[in-house]
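What follows is a short report on a single structure.
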Amino acid sequence: MALTGRTALLAALGSLPVGILAPSWTGMLAVNAPLSLAILCDYALAAPVRPLQFTRSGDTTVRLGESAEVQLTVVNPSRRRLRAHLRDAWPPSSWQPGTEQSASRHRLTVPPGERRRITTFLRPTRRGDRRAEQVTVRSYGPLGLAARQGYHQLPWRVRVLPPFTSRKHLPSRLARLRELDGRTSVLTRGEGTEFDSLRAYVPGDDTRSIDWRATARQSAVAVRTWRPERDRHILVVLDTGRTSAGRVGDVPRLDAAMDATLLLTALATRAGDRVGLLAYDRRVRARVQRRAAGEVLSAMVDAMAPLEPELVETDARGLSAMALANAPRRSLIVLLTGLDAASVEEGLLPVLPRLTQRHTVLLAAVSDPHIEKMAGARGTVDAVYEAAAAAQAKARRRRTADQLQRHGVVVVDTTPDALAPALADAYLALKAAGRL
């Protein structure tokens with residue numbers, strides 16, 4: 001049984017004149033006995049909670065930053081009218097801060113034998129799975145003095161997907177891809193390594209592209225045209241170790257890497273290449289392989305949604321072994337990790353020859369834009385020291401990038417907002433140079 005504020009107010013109002021005019025046990029009993037009887041009657045007339053029937057429906061996935069709707073249908077099989085307050089319990093990160101009270105609590109009235117549907121609006125603030133386990137119901141009597149309370153187990157899951165904010169860069173990169181592919185009026189001679197077709201020679205064409213055998217069979221000079229390679233293998237490796245947990249600005253490094261992965265996947269599948277995913281720190285956290293072009297992007301989004309950084313040092317040898325196992329053919333391995341000198345020199349550099357011997361390796365890392373701001377600071381003693389520290393940090397990152405490039409690794413090192421388009425540009429550059 002749960003008592004309401006109305007009950008406490010009536011008890012206080014009844015006890016006040018008794019305490020002033022006739023302070024005695026008889027007076028208190030004269031006030032509280034009828035109130036107690038009214039409470040018991042109100043409780044007896046409240047609709048029972050246990051027989052109530054609940055079903056859920058609605059969204060099971062939502063992108064971070066968007067809203068989801070989960071419907072809850074309540075059936076009242078009893079002979080009493082249900083007057084209830086209902087709490088649909090979800091984790092705190094399912095709503096914007098300060099909106100949980102209004103979003104999770106509902107008032108409803110259900111006549112006997114009827115049903116009502118209520119909607120809970122979710123706006124998650126974090127990626128991953130948000131689960132609701134139970135619904136708490138408080139059923140009030142007609143007088144509003146007492147209530148029955150109970151709960152029902154009603155599991156439901158909403159998966160919060162990465163937001164894919166870099167989608168806005170896709171049209172411009174697709175236009176560049178069409179230029180490489182020869183599907184626009186822009187001429188790009190000498191790019192690609194796969195033979196496409198023959199056409200008539202026009203002044204200005206590279207004479208090295210003349211097909212003399214075809215020319216001998218025709219009355220005009222024929223020129224070979226080329227297109228970028230298709231059906232190439234790309235393996236994106238996400239480092240989910242401790243370095244991915246650091247926040248750069250308002251974005252965790254892992255989230256910036258995921259966004260870049262989605263843009264690269266969307267671009268590569270349009271280019272006819274096959275893309276796979278491997279998330280690893282000391283064990284495999286997620287894997288996507290051998291998916292059709294129309295399914296790979298949604299599969300990657302779903303696989304990356306529950307990923308969280310692990311506060312452990314990444315096992316570079318294990319990562320290298322898993323990458324080789326998942327890329328048996330010559331592939332482009334895109335490694336999204338940190339560019340810290342210690343972790344690269346001690347972990348990654350010793351195993352790089354195994355990767356670069358068979359594959360093209362592209363390493364993408366997130367740099368901190370605050371360091372650039374510090375590097376330009378002047379005017380005070382503290383600002384000068386900050387500028388010196390920033391210059392030293394930038395020099396260390398450049399030395400580390402130079403070491404990787406001497407091993408044949410293509411390095412992309414930029415801020416979170418620029419990482420996705422920079423990685424897409426690096427992929428297009430490799431494709432245009434025929435290095436995939």
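The chains in the structure tokens are called A, B, ... from first to last as shown; in each chain the residues are counted from 1, and the ligands are counted from 1 in the order shown.
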Can you check which parts of stretch 143-177 of chain A lie within 9 Å of stretch 4-14 of chain A? Per residue, the shortest pair of atoms and distance in Å to one decimal, counting only C-alpha atoms, sorted by chain and number, as CSV.
```
residue,atom,partner,partner_atom,distance
A:Gly144,CA,A:Arg6,CA,7.0
A:Leu145,CA,A:Thr7,CA,5.1
A:Ala146,CA,A:Thr4,CA,5.9
A:Ala147,CA,A:Thr4,CA,7.6
```
With N, CA and C atoms retained, could you export that selection as a compact mmCIF listing (two decimals), in the first residue's frame?
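After the write, part-v3.txt holds the following:
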```txt
# COMPACT_ATOMS: atom_id res chain seq x y z
N GLY A 144 -8.34 8.85 -4.15
CA GLY A 144 -6.97 9.34 -4.24
C GLY A 144 -6.24 9.35 -2.91
N LEU A 145 -6.66 8.45 -1.97
CA LEU A 145 -6.02 8.40 -0.66
C LEU A 145 -4.95 7.32 -0.57
N ALA A 146 -5.15 6.22 -1.25
CA ALA A 146 -4.23 5.08 -1.18
C ALA A 146 -4.06 4.50 -2.57
N ALA A 147 -2.99 3.73 -2.73
CA ALA A 147 -2.70 3.16 -4.05
C ALA A 147 -2.05 1.79 -3.88
```
Task: Residue list (strand (DSSP E), DSSP) for stretch 3-188 of chain A, as a PyMOL selection string - done: chain A and resi 3+53-58+61-63+68-75+82-88+105-110+115-122+128-140+146-161
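The shortest atom-to-atom distance to A:His85, with only C-alpha atoms taken into account, belongs to A:Val137 out of A:Ala364, A:Leu45, A:Leu419, A:Val137.
Atom pair atom CA of A:Leu263 / atom CA of A:Arg173: separated by 9.5 Å.
Separating atom CA of A:Ala387 from atom CA of A:Gln403 is a distance of 24.5 Å.
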Task: Non-local contacts of A:Ser78 (8 Å; only C-alpha atoms; under 4 positions in same chain excluded) as number ranges by chain - done: A: 47-48, 51-52, 112-113
If you keep N, CA, C and O atoms, can you produce a file of those selected residues as a compact mmCIF listing (two decimals), in the first residue's frame?
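Once everything was written out, this is again-v1.txt:
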```txt
# COMPACT_ATOMS: atom_id res chain seq x y z
N ALA A 47 -7.87 -0.49 -8.77
CA ALA A 47 -7.69 -1.62 -9.69
C ALA A 47 -6.42 -2.39 -9.34
O ALA A 47 -5.39 -1.79 -9.05
N PRO A 48 -6.48 -3.72 -9.34
CA PRO A 48 -5.28 -4.50 -9.01
C PRO A 48 -4.19 -4.33 -10.07
O PRO A 48 -4.47 -4.16 -11.26
N PRO A 51 -2.83 -8.28 -12.32
CA PRO A 51 -3.45 -8.81 -13.55
C PRO A 51 -3.21 -7.96 -14.79
O PRO A 51 -3.57 -8.39 -15.90
N LEU A 52 -2.68 -6.75 -14.65
CA LEU A 52 -2.50 -5.90 -15.82
C LEU A 52 -1.59 -6.58 -16.85
O LEU A 52 -0.64 -7.28 -16.49
N PRO A 112 -12.56 -0.64 -17.35
CA PRO A 112 -12.51 -2.12 -17.26
C PRO A 112 -12.59 -2.77 -18.63
O PRO A 112 -13.41 -2.39 -19.48
N GLY A 113 -11.72 -3.74 -18.87
CA GLY A 113 -11.74 -4.50 -20.11
C GLY A 113 -11.19 -3.77 -21.32
O GLY A 113 -11.26 -4.31 -22.43
```
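Candidate residues A:Val296, A:Leu35, A:Val248, A:Leu352 were compared for distance to A:Leu267, and the nearest is A:Val296, using only C-alpha atoms.
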Open item on the list: Give me the residues near A:Arg270 as number ranges by chain, where near means some atom within 9 Å (using only C-alpha atoms) and where sequence neighbours in that chain fewer than 6 positions away do not count.
Closed with: A: 174, 177, 293
Task: Using only C-alpha atoms: which of A:Ser172, A:Gln134, A:Gln153, A:Gln96 has the shortest distance to A:Leu428 - done: A:Ser172
- [ ] Point out the residue among A:Val366, A:Leu336, A:Ala342, A:Ala424 with the least atom-to-atom distance to A:Leu235, counting only C-alpha atoms.
- [x] A:Leu336
Task: Of the listed residues A:Ser139, A:Ser57, A:Thr269, A:Thr119, that which approaches A:Val158 most closely, counting only C-alpha atoms - done: A:Ser57
TODO: Could you give me, as a PyMOL selection string, the residues within 9 Å of A:Leu436, counting only C-alpha atoms and dropping anything in the same chain fewer than 2 positions from it?
DONE: chain A and resi 229+232-234+330-332+359-360+427+430-431+433-434
TODO: May I ask which of the residues A:Ala383, A:Val344, A:Leu161, A:Ala426 is the closest one to A:Met304, counting only C-alpha atoms?
DONE: A:Leu161
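If you look at atom CA of A:Gly294 and atom CA of A:Ser244, they are 28.9 Å away from each other.
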